[in-house]
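K.L.:
Below is the structure I would like to discuss, written out as structure tokens.
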Amino acid sequence: MQKLETQFDITKKILSLNPKEFSLTPTEKFVLVQLSHYFGDKKRTGHFSCYPRQARLASETGYARATVLNALKKCEELGFISSNFRVSSSGDPTSKLYHWKGIPKQPDEDKESQMTIEVAETMASSTHTINDVSSITHTTRIVESSDISLMLAEEESPF
């Protein structure tokens, strides 16, 4: 039987990830860690969610509410979390519900393979350019000062 993930496992995963691999700032990572403290799975389905007030996250992290909102938005864009508004029975929004989606596939993996192709193309282009330059240097002649006087007398350009 597979052990279900806990809120503590999620926090540990977030703490151990390298923020640079996901283009996360330390601020964004800290907000995500703080949010993870609230994740719960009441139905034990493996789906973690929470709805802390953004003002509370701001107070606990020491950041301005706008900074917390921007960090949560970035974490959502990167695929760590998703969110939707909870609504009352009258249809009015009451709070924002956050869902843990997991550690996303590292965005740099696709970029790395693209960069490898671009480097290979650049190297091939550079090799071609080097071959062109070497053929130019083979056709260039070295002119000594004594030859310049002779060429000028014959009205031939030394260059």
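Identifiers in the structure tokens: chain A, B, ... in order shown; residue index from 1 per chain; ligand index from 1 in order shown.
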Can you tell me, as a compact mmCIF listing (two decimals) with all heavy atoms, in the first residue's frame, what residues are no more than 12 Å from range 54-62 of chain A when counting only C-alpha atoms, ignoring any on the same chain fewer than 2 positions away?
P.N.:
# COMPACT_ATOMS: atom_id res chain seq x y z
N PRO A 26 13.75 34.04 -4.01
CA PRO A 26 13.64 33.56 -2.63
C PRO A 26 12.32 34.00 -1.97
O PRO A 26 11.73 33.24 -1.19
CB PRO A 26 14.84 34.19 -1.92
CG PRO A 26 15.84 34.39 -3.01
CD PRO A 26 15.03 34.73 -4.24
N THR A 27 11.84 35.18 -2.31
CA THR A 27 10.57 35.66 -1.77
C THR A 27 9.42 34.75 -2.21
O THR A 27 8.58 34.36 -1.40
CB THR A 27 10.30 37.11 -2.25
OG1 THR A 27 11.34 37.95 -1.75
CG2 THR A 27 8.95 37.61 -1.78
N GLU A 28 9.38 34.42 -3.50
CA GLU A 28 8.31 33.57 -4.02
C GLU A 28 8.36 32.18 -3.40
O GLU A 28 7.33 31.60 -3.05
CB GLU A 28 8.41 33.49 -5.55
CG GLU A 28 8.12 34.82 -6.21
CD GLU A 28 8.66 34.96 -7.62
OE1 GLU A 28 9.51 34.14 -8.04
OE2 GLU A 28 8.24 35.91 -8.30
N LYS A 29 9.58 31.66 -3.23
CA LYS A 29 9.72 30.34 -2.60
C LYS A 29 9.23 30.39 -1.15
O LYS A 29 8.52 29.49 -0.70
CB LYS A 29 11.17 29.87 -2.65
CG LYS A 29 11.38 28.50 -2.04
CD LYS A 29 12.83 28.05 -2.14
CE LYS A 29 13.05 26.74 -1.41
NZ LYS A 29 14.43 26.27 -1.51
N PHE A 30 9.58 31.45 -0.43
CA PHE A 30 9.16 31.56 0.97
C PHE A 30 7.64 31.66 1.10
O PHE A 30 7.04 31.06 1.99
CB PHE A 30 9.84 32.76 1.63
CG PHE A 30 9.56 32.89 3.09
CD1 PHE A 30 9.78 31.84 3.97
CD2 PHE A 30 9.07 34.07 3.61
CE1 PHE A 30 9.51 31.95 5.33
CE2 PHE A 30 8.80 34.20 4.98
CZ PHE A 30 9.02 33.13 5.83
N VAL A 31 7.00 32.40 0.20
CA VAL A 31 5.54 32.50 0.22
C VAL A 31 4.93 31.13 -0.06
O VAL A 31 3.96 30.73 0.60
CB VAL A 31 5.04 33.57 -0.79
CG1 VAL A 31 3.53 33.50 -0.96
CG2 VAL A 31 5.46 34.97 -0.34
N LEU A 32 5.50 30.38 -0.99
CA LEU A 32 5.00 29.04 -1.29
C LEU A 32 5.18 28.10 -0.09
O LEU A 32 4.28 27.31 0.23
CB LEU A 32 5.72 28.47 -2.52
CG LEU A 32 5.22 27.14 -3.06
CD1 LEU A 32 3.74 27.20 -3.44
CD2 LEU A 32 6.06 26.72 -4.27
N VAL A 33 6.31 28.19 0.59
CA VAL A 33 6.53 27.40 1.81
C VAL A 33 5.48 27.76 2.85
O VAL A 33 4.88 26.87 3.48
CB VAL A 33 7.95 27.61 2.37
CG1 VAL A 33 8.08 27.07 3.78
CG2 VAL A 33 8.99 26.98 1.46
N GLN A 34 5.25 29.04 3.03
CA GLN A 34 4.27 29.48 4.03
C GLN A 34 2.87 28.98 3.67
O GLN A 34 2.13 28.53 4.54
CB GLN A 34 4.29 31.01 4.15
CG GLN A 34 3.61 31.52 5.39
CD GLN A 34 4.31 31.04 6.66
OE1 GLN A 34 5.53 30.93 6.72
NE2 GLN A 34 3.53 30.75 7.67
N LEU A 35 2.52 29.05 2.40
CA LEU A 35 1.22 28.54 1.95
C LEU A 35 1.10 27.05 2.23
O LEU A 35 0.05 26.57 2.65
CB LEU A 35 1.02 28.82 0.46
CG LEU A 35 -0.28 28.33 -0.15
CD1 LEU A 35 -1.46 29.14 0.38
CD2 LEU A 35 -0.22 28.43 -1.67
N SER A 36 2.20 26.32 2.04
CA SER A 36 2.16 24.86 2.22
C SER A 36 1.84 24.46 3.66
O SER A 36 1.33 23.37 3.90
CB SER A 36 3.48 24.23 1.78
OG SER A 36 4.52 24.47 2.72
N HIS A 37 2.09 25.34 4.60
CA HIS A 37 1.77 25.05 6.00
C HIS A 37 0.26 24.88 6.21
O HIS A 37 -0.16 24.28 7.19
CB HIS A 37 2.28 26.16 6.93
CG HIS A 37 3.77 26.20 7.00
ND1 HIS A 37 4.45 27.26 7.56
CD2 HIS A 37 4.72 25.35 6.59
CE1 HIS A 37 5.75 27.04 7.48
NE2 HIS A 37 5.93 25.89 6.90
N TYR A 38 -0.52 25.41 5.31
CA TYR A 38 -1.97 25.37 5.45
C TYR A 38 -2.62 24.22 4.65
O TYR A 38 -3.80 23.97 4.82
CB TYR A 38 -2.59 26.70 4.99
CG TYR A 38 -2.27 27.83 5.93
CD1 TYR A 38 -1.22 28.69 5.66
CD2 TYR A 38 -2.99 28.00 7.11
CE1 TYR A 38 -0.91 29.73 6.53
CE2 TYR A 38 -2.68 29.03 7.98
CZ TYR A 38 -1.65 29.88 7.69
OH TYR A 38 -1.34 30.91 8.56
N CYS A 50 -6.14 24.63 0.47
CA CYS A 50 -6.23 25.51 1.65
C CYS A 50 -6.79 26.85 1.22
O CYS A 50 -6.83 27.16 0.03
CB CYS A 50 -4.87 25.68 2.32
SG CYS A 50 -3.63 26.47 1.29
N TYR A 51 -7.19 27.65 2.19
CA TYR A 51 -7.71 28.97 1.88
C TYR A 51 -7.33 30.00 2.94
O TYR A 51 -8.17 30.65 3.55
CB TYR A 51 -9.23 28.94 1.67
CG TYR A 51 -10.00 28.16 2.70
CD1 TYR A 51 -10.53 28.78 3.83
CD2 TYR A 51 -10.19 26.79 2.55
CE1 TYR A 51 -11.23 28.06 4.77
CE2 TYR A 51 -10.90 26.06 3.49
CZ TYR A 51 -11.42 26.70 4.60
OH TYR A 51 -12.12 25.99 5.54
N PRO A 52 -6.01 30.19 3.15
CA PRO A 52 -5.60 31.22 4.11
C PRO A 52 -5.84 32.62 3.54
O PRO A 52 -5.80 32.81 2.32
CB PRO A 52 -4.10 30.96 4.28
CG PRO A 52 -3.70 30.38 2.98
CD PRO A 52 -4.86 29.55 2.53
N ALA A 64 4.65 42.71 2.04
CA ALA A 64 3.44 43.46 1.75
C ALA A 64 2.44 42.52 1.06
O ALA A 64 2.83 41.55 0.40
CB ALA A 64 3.76 44.64 0.83
N ARG A 65 1.17 42.81 1.21
CA ARG A 65 0.13 41.98 0.62
C ARG A 65 0.32 41.88 -0.91
O ARG A 65 0.14 40.80 -1.49
CB ARG A 65 -1.25 42.53 0.95
CG ARG A 65 -2.38 41.62 0.52
CD ARG A 65 -3.73 42.08 1.12
NE ARG A 65 -4.80 41.23 0.68
CZ ARG A 65 -5.60 41.51 -0.35
NH1 ARG A 65 -5.44 42.63 -1.01
NH2 ARG A 65 -6.55 40.66 -0.69
N ALA A 66 0.70 42.97 -1.54
CA ALA A 66 0.92 42.97 -3.00
C ALA A 66 2.06 42.02 -3.38
O ALA A 66 1.99 41.32 -4.40
CB ALA A 66 1.23 44.38 -3.49
N THR A 67 3.10 41.97 -2.56
CA THR A 67 4.21 41.06 -2.82
C THR A 67 3.76 39.62 -2.71
O THR A 67 4.12 38.78 -3.54
CB THR A 67 5.36 41.33 -1.81
OG1 THR A 67 5.77 42.69 -1.95
CG2 THR A 67 6.54 40.40 -2.04
N VAL A 68 2.94 39.32 -1.70
CA VAL A 68 2.39 37.97 -1.54
C VAL A 68 1.51 37.61 -2.73
O VAL A 68 1.62 36.50 -3.28
CB VAL A 68 1.61 37.85 -0.21
CG1 VAL A 68 0.83 36.55 -0.14
CG2 VAL A 68 2.56 37.96 0.97
N LEU A 69 0.67 38.53 -3.17
CA LEU A 69 -0.21 38.27 -4.32
C LEU A 69 0.62 37.97 -5.57
O LEU A 69 0.31 37.04 -6.32
CB LEU A 69 -1.13 39.45 -4.56
CG LEU A 69 -2.22 39.69 -3.52
CD1 LEU A 69 -2.98 40.98 -3.81
CD2 LEU A 69 -3.18 38.52 -3.48
N ASN A 70 1.67 38.76 -5.80
CA ASN A 70 2.53 38.54 -6.97
C ASN A 70 3.24 37.19 -6.89
O ASN A 70 3.38 36.49 -7.89
CB ASN A 70 3.54 39.67 -7.12
CG ASN A 70 2.90 40.95 -7.58
OD1 ASN A 70 1.86 40.96 -8.22
ND2 ASN A 70 3.51 42.07 -7.23
N ALA A 71 3.69 36.83 -5.70
CA ALA A 71 4.37 35.54 -5.51
C ALA A 71 3.41 34.38 -5.76
O ALA A 71 3.77 33.40 -6.43
CB ALA A 71 4.97 35.45 -4.11
N LEU A 72 2.20 34.48 -5.25
CA LEU A 72 1.21 33.42 -5.47
C LEU A 72 0.86 33.30 -6.95
O LEU A 72 0.73 32.19 -7.48
CB LEU A 72 -0.05 33.69 -4.64
CG LEU A 72 0.11 33.55 -3.13
CD1 LEU A 72 -1.12 34.10 -2.41
CD2 LEU A 72 0.38 32.11 -2.74
N LYS A 73 0.76 34.44 -7.61
CA LYS A 73 0.47 34.44 -9.05
C LYS A 73 1.59 33.73 -9.81
O LYS A 73 1.34 32.92 -10.70
CB LYS A 73 0.30 35.88 -9.54
CG LYS A 73 -0.05 35.98 -11.00
CD LYS A 73 -0.22 37.41 -11.43
CE LYS A 73 -0.48 37.49 -12.92
NZ LYS A 73 -0.56 38.87 -13.40
N SER A 95 -13.47 33.69 -0.32
CA SER A 95 -12.02 33.55 -0.17
C SER A 95 -11.47 32.83 -1.38
O SER A 95 -12.21 32.30 -2.21
CB SER A 95 -11.68 32.79 1.11
OG SER A 95 -12.22 31.48 1.05
N LYS A 96 -10.17 32.81 -1.45
CA LYS A 96 -9.51 32.13 -2.56
C LYS A 96 -9.04 30.76 -2.08
O LYS A 96 -8.39 30.65 -1.04
CB LYS A 96 -8.34 32.96 -3.07
CG LYS A 96 -7.94 32.62 -4.48
CD LYS A 96 -7.12 33.73 -5.10
CE LYS A 96 -6.98 33.50 -6.58
NZ LYS A 96 -6.18 34.53 -7.21
N LEU A 97 -9.36 29.74 -2.83
CA LEU A 97 -8.99 28.37 -2.50
C LEU A 97 -7.78 27.99 -3.35
O LEU A 97 -7.80 28.12 -4.57
CB LEU A 97 -10.16 27.42 -2.79
CG LEU A 97 -9.96 25.95 -2.51
CD1 LEU A 97 -9.73 25.70 -1.02
CD2 LEU A 97 -11.17 25.15 -3.00
N TYR A 98 -6.70 27.55 -2.68
CA TYR A 98 -5.47 27.16 -3.37
C TYR A 98 -5.36 25.63 -3.38
O TYR A 98 -5.63 24.98 -2.36
CB TYR A 98 -4.25 27.76 -2.67
CG TYR A 98 -4.24 29.26 -2.73
CD1 TYR A 98 -4.75 30.02 -1.68
CD2 TYR A 98 -3.75 29.92 -3.84
CE1 TYR A 98 -4.77 31.40 -1.74
CE2 TYR A 98 -3.77 31.31 -3.91
CZ TYR A 98 -4.28 32.03 -2.86
OH TYR A 98 -4.30 33.40 -2.93
K.L.:
Could you state the separation of CA of Leu15 in chain A and CA of Lys43 in chain A in Å, given to one decimal place?
P.N.:
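Here the two named atoms are 25.3 Å from each other.
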K.L.:
Between A:Thr11, A:Ser82, A:Thr25, A:Thr6, which residue has the minimum interatomic distance to Gly40 in chain A, considering only C-alpha atoms?
P.N.:
A:Thr6
K.L.:
Near Leu78 in chain A, within 10 Å and counting only C-alpha atoms, which residues show up once chain neighbours fewer than 3 positions away are dropped, as a ChimeraX atom specification?
P.N.:
/A:22-24,72-75,81-82,103-107
K.L.:
Tell me, in Å to one decimal, how far CA of Lys42 in chain A is from CA of Asn84 in chain A.
P.N.:
18.2 Å
